[in-house]
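Participant: This is protein25.txt (compact mmCIF, C-alpha atoms).
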```txt
# COMPACT_ATOMS: atom_id res chain seq x y z
CA MET A 1 6.03 56.46 -15.58
CA ALA A 2 4.58 57.08 -12.11
CA ALA A 3 7.39 55.02 -10.60
CA ASN A 4 9.96 56.73 -12.85
CA VAL A 5 11.46 53.49 -14.18
CA PRO A 6 13.29 54.47 -17.39
CA TRP A 7 13.85 50.94 -18.74
CA GLY A 8 10.18 50.08 -18.24
CA ILE A 9 9.00 53.26 -19.96
CA ALA A 10 11.40 52.63 -22.85
CA ALA A 11 10.34 49.01 -23.27
CA MET A 12 6.60 49.66 -23.15
CA LYS A 13 6.61 52.72 -25.41
CA GLY A 14 8.90 50.96 -27.86
CA CYS A 15 6.64 47.92 -27.94
CA MET A 16 3.57 50.11 -28.42
CA SER A 17 5.19 51.97 -31.30
CA MET A 18 5.79 48.68 -33.08
CA THR A 19 2.66 46.67 -32.35
CA ILE A 20 0.12 49.50 -32.53
CA TYR A 21 1.53 51.84 -35.17
CA ASN A 22 4.40 50.36 -37.17
CA ASN A 23 2.67 47.08 -37.97
CA GLN A 24 -0.20 49.06 -39.49
CA GLY A 25 2.21 51.32 -41.36
CA VAL A 26 1.23 54.46 -39.44
CA ALA A 27 4.68 55.92 -39.89
CA ASP A 28 4.39 59.31 -38.18
CA LEU A 29 2.83 58.11 -34.90
CA GLY A 30 5.13 55.10 -34.67
CA PHE A 31 8.14 57.33 -35.22
CA GLN A 32 7.04 59.89 -32.63
CA MET A 33 6.52 57.25 -29.96
CA SER A 34 9.70 55.27 -30.64
CA GLN A 35 11.76 58.47 -30.76
CA GLU A 36 10.54 59.35 -27.26
CA THR A 37 11.95 56.08 -25.96
CA LEU A 38 15.56 56.79 -26.95
CA ARG A 39 16.16 59.07 -23.98
CA PHE A 40 14.66 56.60 -21.51
CA ALA A 41 16.78 53.76 -22.90
CA GLU A 42 19.95 55.83 -22.55
CA GLU A 43 18.99 56.78 -18.98
CA SER A 44 18.32 53.18 -18.02
CA GLY A 45 21.69 51.98 -19.25
CA GLY A 46 20.22 48.48 -19.66
CA GLY A 47 20.90 46.32 -22.70
CA TRP A 48 17.41 44.84 -22.65
CA SER A 49 15.60 48.15 -23.10
CA LYS A 50 18.22 49.34 -25.60
CA ALA A 51 17.70 46.20 -27.69
CA GLU A 52 13.98 46.98 -27.91
CA VAL A 53 14.24 50.72 -28.36
CA TYR A 54 16.93 50.77 -31.04
CA THR A 55 15.24 47.97 -32.97
CA PHE A 56 11.77 49.48 -32.85
CA HIS A 57 12.99 52.98 -33.63
CA GLY A 58 14.98 51.58 -36.53
CA CYS A 59 11.76 50.04 -37.86
CA SER A 60 10.03 53.42 -37.46
CA CYS A 61 12.84 55.17 -39.33
CA TYR A 62 12.49 52.69 -42.19
CA LEU A 63 8.76 53.31 -42.47
CA LYS A 64 9.39 57.07 -42.46
CA GLY A 65 11.83 56.59 -45.33
CA PHE A 66 14.88 57.67 -43.29
CA LEU A 67 17.09 54.82 -44.46
CA ASP A 68 20.40 56.05 -43.03
CA GLU A 69 18.87 56.46 -39.58
CA ALA A 70 17.13 53.10 -39.93
CA GLU A 71 20.43 51.36 -40.65
CA GLN A 72 22.13 53.09 -37.72
CA HIS A 73 19.49 52.15 -35.13
CA LEU A 74 18.82 48.65 -36.44
CA LEU A 75 22.52 47.80 -36.29
CA LYS A 76 22.59 48.99 -32.68
CA GLY A 77 19.44 47.04 -31.88
CA GLY A 78 20.86 43.93 -33.51
CA PHE A 79 24.08 44.29 -31.50
CA PHE A 80 22.22 44.38 -28.16
CA CYS A 81 19.92 41.53 -29.22
CA GLU A 82 22.95 39.41 -30.06
CA SER A 83 24.65 40.22 -26.76
CA LEU A 84 21.48 39.10 -24.92
CA ASN A 85 20.83 36.12 -27.22
CA TRP A 86 17.39 37.64 -27.93
CA LEU A 87 16.63 35.67 -31.08
CA SER A 88 13.11 36.84 -31.94
CA LEU A 89 13.86 40.56 -31.64
CA GLY A 90 17.21 40.08 -33.37
CA SER A 91 15.37 38.54 -36.31
CA LEU A 92 13.16 41.65 -36.53
CA ALA A 93 16.22 43.92 -36.63
CA SER A 94 17.79 41.70 -39.30
CA PHE A 95 14.62 41.64 -41.40
CA TYR A 96 14.29 45.43 -41.45
CA LEU A 97 17.98 45.74 -42.26
CA GLY A 98 17.32 43.40 -45.17
CA GLU A 99 14.51 45.66 -46.35
CA THR A 100 16.58 48.81 -45.84
CA TYR A 101 19.43 47.47 -47.94
CA PHE A 102 16.98 46.18 -50.57
CA ASP A 103 15.51 49.65 -51.03
CA ARG A 104 19.04 51.02 -51.37
CA GLY A 105 19.81 48.51 -54.08
CA GLN A 106 22.40 46.72 -51.89
CA TYR A 107 21.05 43.28 -52.69
CA GLN A 108 23.89 41.15 -51.30
CA LYS A 109 23.55 42.81 -47.90
CA SER A 110 19.79 42.46 -48.13
CA GLN A 111 20.16 38.76 -48.85
CA ASP A 112 22.61 38.29 -45.97
CA TYR A 113 20.31 39.93 -43.41
CA HIS A 114 17.20 38.12 -44.62
CA ASN A 115 19.13 34.85 -44.27
CA LYS A 116 20.08 35.86 -40.74
CA ALA A 117 16.48 36.76 -39.87
CA ILE A 118 15.27 33.33 -41.01
CA SER A 119 18.04 31.52 -39.12
CA LEU A 120 17.22 33.34 -35.87
CA LEU A 121 13.50 32.65 -36.26
CA GLU A 122 14.09 28.95 -36.89
CA HIS A 123 16.30 28.72 -33.80
CA CYS A 124 13.66 30.28 -31.56
CA GLY A 125 10.79 28.23 -33.00
CA ALA A 126 8.75 31.13 -34.38
CA TRP A 127 5.37 30.74 -36.05
CA PRO A 128 5.68 29.18 -39.52
CA SER A 129 3.83 32.13 -41.10
CA ILE A 130 6.48 34.56 -39.86
CA ILE A 131 9.28 32.39 -41.24
CA SER A 132 7.44 31.97 -44.56
CA SER A 133 7.12 35.72 -45.02
CA LYS A 134 10.86 36.13 -44.52
CA LYS A 135 11.59 33.34 -47.00
CA ILE A 136 9.70 35.17 -49.74
CA ALA A 137 11.59 38.37 -48.87
CA LEU A 138 14.82 36.39 -49.19
CA ALA A 139 13.81 34.97 -52.59
CA ARG A 140 13.11 38.51 -53.78
CA ALA A 141 16.55 39.70 -52.63
CA ARG A 142 18.29 36.68 -54.17
CA LEU A 143 16.62 37.29 -57.51
CA MET A 144 17.71 40.95 -57.56
CA ASN A 145 21.20 39.72 -56.64
CA LYS A 146 21.29 37.85 -59.99
CA GLU A 147 20.56 34.42 -58.49
CA LYS A 148 18.13 32.75 -60.88
CA ASP A 149 17.41 29.44 -59.11
CA ILE A 150 14.20 30.67 -57.47
CA ASP A 151 11.73 27.90 -56.67
CA LEU A 152 8.35 29.49 -57.44
CA GLY A 153 6.56 26.45 -56.05
CA SER A 154 8.08 27.12 -52.62
CA VAL A 155 7.23 30.82 -52.92
CA TYR A 156 3.57 30.09 -53.66
CA LYS A 157 3.49 27.53 -50.86
CA CYS A 158 4.72 30.13 -48.36
CA ASP A 159 1.82 32.38 -49.37
CA ASP A 160 -0.71 29.52 -49.20
CA GLU A 161 0.42 28.55 -45.70
CA ASN A 162 0.36 32.09 -44.29
CA THR A 163 -2.27 32.50 -41.57
CA MET A 164 -1.40 36.04 -40.43
CA LYS A 165 -3.32 38.91 -42.05
CA LEU A 166 -0.46 41.23 -41.14
CA TYR A 167 1.57 39.68 -43.98
CA ASP A 168 -1.16 38.99 -46.56
CA GLY A 169 -0.68 42.03 -48.76
CA THR A 170 3.09 42.21 -48.40
CA LEU A 171 3.51 38.58 -49.50
CA ALA A 172 1.38 39.18 -52.60
CA ARG A 173 3.47 42.26 -53.46
CA TYR A 174 6.72 40.34 -52.97
CA ILE A 175 5.46 37.60 -55.30
CA SER A 176 4.46 40.18 -57.89
CA GLU A 177 7.96 41.70 -57.74
CA ILE A 178 9.56 38.27 -58.05
CA LEU A 179 7.44 37.36 -61.07
CA LEU A 180 8.25 40.65 -62.82
CA ASN A 181 11.99 40.09 -62.45
CA ILE A 182 12.14 36.39 -63.21
CA GLU A 183 12.99 35.49 -66.80
CA SER A 184 9.84 33.43 -67.36
CA GLY A 185 7.58 35.99 -65.68
CA ASN A 186 4.10 36.53 -67.14
CA ILE A 187 2.96 40.17 -67.06
CA SER A 188 -0.71 39.29 -66.58
CA GLU A 189 0.19 37.11 -63.60
CA VAL A 190 2.36 39.89 -62.19
CA GLU A 191 -0.59 42.26 -62.41
CA ASP A 192 -2.93 39.72 -60.82
CA TRP A 193 -0.65 39.47 -57.79
CA ILE A 194 -0.24 43.22 -57.25
CA LYS A 195 -4.02 43.65 -57.54
CA ARG A 196 -4.30 40.90 -54.94
CA ALA A 197 -1.87 42.79 -52.70
CA ILE A 198 -3.95 45.96 -52.93
CA GLU A 199 -7.15 44.04 -52.23
CA ARG A 200 -5.65 42.22 -49.23
CA ASP A 201 -4.16 45.34 -47.66
CA THR A 202 -7.43 47.22 -48.15
CA GLN A 203 -9.52 44.44 -46.61
CA ASN A 204 -7.13 43.95 -43.69
CA GLY A 205 -6.93 47.63 -42.79
CA MET A 206 -3.28 47.97 -43.89
CA MET A 207 -4.16 51.13 -45.79
CA CYS A 208 -1.15 53.27 -44.89
CA TRP A 209 2.47 52.50 -45.75
CA HIS A 210 1.78 48.98 -47.02
CA LEU A 211 -0.89 50.07 -49.49
CA ALA A 212 1.32 52.92 -50.67
CA LYS A 213 4.11 50.46 -51.47
CA ASP A 214 1.63 48.36 -53.44
CA TYR A 215 0.77 51.35 -55.63
CA VAL A 216 4.45 52.23 -56.08
CA PHE A 217 5.05 48.82 -57.56
CA TYR A 218 1.86 48.94 -59.64
CA SER A 219 3.10 52.27 -61.05
CA GLU A 220 6.41 50.65 -62.04
CA LEU A 221 4.60 47.69 -63.63
CA VAL A 222 2.30 49.74 -65.87
CA LYS A 223 5.23 52.00 -66.81
CA GLN A 224 7.04 48.93 -68.12
CA LYS A 225 3.89 48.11 -70.08
CA GLY A 226 4.13 51.57 -71.68
CA ASP A 227 1.12 53.15 -69.93
CA HIS A 228 2.72 56.32 -68.56
CA SER A 229 -0.63 57.93 -67.74
CA LYS A 230 -1.62 55.06 -65.42
CA SER A 231 1.90 54.98 -64.01
CA LYS A 232 1.61 58.62 -62.93
CA GLU A 233 -1.88 58.00 -61.55
CA TYR A 234 -0.74 55.12 -59.33
CA LEU A 235 2.43 56.88 -58.21
CA TYR A 236 0.41 59.97 -57.29
CA LYS A 237 -1.94 57.75 -55.27
CA ALA A 238 1.05 56.20 -53.47
CA ILE A 239 2.47 59.65 -52.66
CA GLU A 240 -0.84 60.81 -51.24
CA ILE A 241 -1.04 57.74 -48.99
CA PHE A 242 2.57 58.22 -47.86
CA LYS A 243 1.70 61.81 -46.97
CA GLU A 244 -1.32 60.70 -44.95
CA CYS A 245 0.75 58.30 -42.85
CA GLY A 246 3.66 60.71 -42.43
CA ALA A 247 6.28 58.80 -44.42
CA ASP A 248 8.25 61.93 -45.32
CA GLY A 249 11.31 60.23 -46.78
CA TRP A 250 9.25 58.10 -49.14
CA VAL A 251 7.21 61.14 -50.18
CA GLU A 252 10.40 62.96 -51.16
CA LYS A 253 11.77 59.94 -53.04
CA TYR A 254 8.66 59.35 -55.10
CA GLU A 255 7.91 63.01 -55.76
CA LEU A 256 11.28 63.12 -57.52
CA GLU A 257 10.26 60.06 -59.54
CA MET A 258 6.98 61.76 -60.40
CA VAL A 259 8.94 64.71 -61.84
CA GLU A 260 10.89 62.27 -64.02
CA LEU A 261 7.65 60.70 -65.25
```
For the file at hand, write its structure as structure tokens.
Facilitator:
Amino acid sequence: MAANVPWGIAAMKGCMSMTIYNNQGVADLGFQMSQETLRFAEESGGGWSKAEVYTFHGCSCYLKGFLDEAEQHLLKGGFFCESLNWLSLGSLASFYLGETYFDRGQYQKSQDYHNKAISLLEHCGAWPSIISSKKIALARARLMNKEKDIDLGSVYKCDDENTMKLYDGTLARYISEILLNIESGNISEVEDWIKRAIERDTQNGMMCWHLAKDYVFYSELVKQKGDHSKSKEYLYKAIEIFKECGADGWVEKYELEMVEL
């Protein structure tokens, strides 16, 4: 900033928004910092800083629950990553696009972008744990897209081989969602996995957005079991956590669901 180098400011602030705030699920602070970078990226005119800024701000928008804005910025970020052959960052943009489309119920698009994220990671030789987390996300999207040939053994193996605490809780939640929607799913096993997700995210300090998503799913699970009182309790807990981390869009979405309950 002292040297007034816009591309450098954009790149560093964007990286900080992702690694310090977004990865922990601190939606409001990540969004504030990544939003500041947009101006610097436009001033710099460089594709490298734009690839970072649009991708990271798209991730921030997703965590805030602003799905339209997330799609817009992630597509831009993915475009610049592709033009630069920046495989690792392009995989991040593709992964969050996969999640954005999943939460919209656009499961074919979700599946396509999760496939792309995995392909880019494999080409750049990423850590196996990162690839494994994306493979479980892909299995989840495929199942919701009416593809039934899900290999649960491979899904469990991906979780067993994960060595990154960043993904511990999310993988357990994904597995719980997969088990609930698979024809041979066992409700007690589904509940065991979502409890495991909550425990992992709590232990690993992922007590913002990630923990809120765990409780959202737990609310849906107990509602299907017929326990509407517990469902409201868990959804209320999720809303309160979303409020604490500044995830306004998710708060609005689930407050409407609370009214329906």
Participant: Counting all atoms listed in the file, which residues have an atom no more than 10 Å from (6.0, 46.7, -56.8) in the file's coordinates? Please list them as JSON, numbers by chain.
Facilitator: {"A": [170, 172, 173, 174, 175, 176, 177, 178, 180, 190, 191, 193, 194, 197, 212, 213, 214, 215, 216, 217, 218, 219, 220, 221]}
Participant: Give the answer as one residue: which of A:Ala41, A:Leu152, A:Ala2, A:Ala27 has the shortest atom-to-atom distance to Met207 of chain A, using all atoms listed in the file?
Facilitator: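 Nearest to Met207 of chain A: A:Ala27.
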Participant: Which residues are close to Met258 of chain A, i.e. within 10 Å by only C-alpha atoms, leaving aside same-chain residues fewer than 3 positions away? Reply as a PDB file with C-alpha atoms, in the coordinates of the input.
Facilitator:
```pdb
ATOM      1  CA  SER A 231       1.900  54.980 -64.010  1.00  0.00           C
ATOM      2  CA  LYS A 232       1.610  58.620 -62.930  1.00  0.00           C
ATOM      3  CA  GLU A 233      -1.880  58.000 -61.550  1.00  0.00           C
ATOM      4  CA  LEU A 235       2.430  56.880 -58.210  1.00  0.00           C
ATOM      5  CA  TYR A 236       0.410  59.970 -57.290  1.00  0.00           C
ATOM      6  CA  ILE A 239       2.470  59.650 -52.660  1.00  0.00           C
ATOM      7  CA  GLU A 252      10.400  62.960 -51.160  1.00  0.00           C
ATOM      8  CA  LYS A 253      11.770  59.940 -53.040  1.00  0.00           C
ATOM      9  CA  TYR A 254       8.660  59.350 -55.100  1.00  0.00           C
ATOM     10  CA  GLU A 255       7.910  63.010 -55.760  1.00  0.00           C
ATOM     11  CA  LEU A 261       7.650  60.700 -65.250  1.00  0.00           C
TER      12      LEU A 261
END
```
Participant: Quick one: residues within 7 Å of Ser133 of chain A, all atoms listed in the file counted, chain neighbours fewer than 2 positions away excluded, as a PDB file with C-alpha atoms, in the coordinates of the input?
Facilitator:
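That gives us selection-v9.pdb:
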```pdb
ATOM      1  CA  SER A 129       3.830  32.130 -41.100  1.00  0.00           C
ATOM      2  CA  ILE A 130       6.480  34.560 -39.860  1.00  0.00           C
ATOM      3  CA  ILE A 131       9.280  32.390 -41.240  1.00  0.00           C
ATOM      4  CA  LYS A 135      11.590  33.340 -47.000  1.00  0.00           C
ATOM      5  CA  ILE A 136       9.700  35.170 -49.740  1.00  0.00           C
ATOM      6  CA  ALA A 137      11.590  38.370 -48.870  1.00  0.00           C
ATOM      7  CA  CYS A 158       4.720  30.130 -48.360  1.00  0.00           C
ATOM      8  CA  TYR A 167       1.570  39.680 -43.980  1.00  0.00           C
ATOM      9  CA  LEU A 171       3.510  38.580 -49.500  1.00  0.00           C
TER      10      LEU A 171
END
```
Participant: Return the single residue from A:Gln35, A:Asn145, A:Ser60, A:Ser83 that is closest to Gly47 of chain A, with distances computed using only C-alpha atoms.
Facilitator: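 Of all the options, A:Ser83 lies closest to Gly47 of chain A.
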Participant: When distances are computed from all atoms listed in the file, which of A:Lys225, A:Ala117, A:Cys61, A:Leu75 shows the smallest separation from Leu87 of chain A?
Facilitator: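 Of all the options, A:Ala117 lies closest to Leu87 of chain A.
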Participant: From the options A:Gly46, A:Gly105, A:Gly65, A:Gly125, which residue's atoms come nearest to Ser88 of chain A, counting all atoms listed in the file?
Facilitator: A:Gly125
Participant: Padding of 8 Å on every side, edges along x, y and z, all listed atoms of segment 67-78 of chain A included: what centre and edge lengths in Å, to one decimal, does that box have, as lines of an AutoDock Vina configuration file?
Facilitator:
```
center_x = 19.8
center_y = 50.2
center_z = -38.2
size_x = 21.5
size_y = 28.5
size_z = 28.6
```
Participant: Between atom CA of Phe102 of chain A and atom CA of Met144 of chain A, what distance in Å does the model show, to one decimal?
Facilitator: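 Straight-line distance from atom CA of Phe102 of chain A to atom CA of Met144 of chain A works out to 8.8 Å.
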Participant: Just the residues within 10 Å of Lys109 of chain A, please, counting all atoms listed in the file, with nothing from its chain fewer than 6 positions along; format it as a list in words.
Facilitator: Leu97, Gly98, Glu99, Thr100, Tyr101, Phe102, Asn115, Ala141 and Asn145 of chain A
Participant: So, counting all atoms listed in the file, which residue among A:Phe79, A:Gly14, A:Asp28, A:Asn204 is closest to Ser49 of chain A?
Facilitator: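 Under the stated criterion, the closest residue is A:Gly14.
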Participant: What does the structure give for the distance between atom CA of Gly90 of chain A and atom CA of Tyr54 of chain A, in Å to one decimal?
Facilitator: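 It comes out at 10.9 Å.
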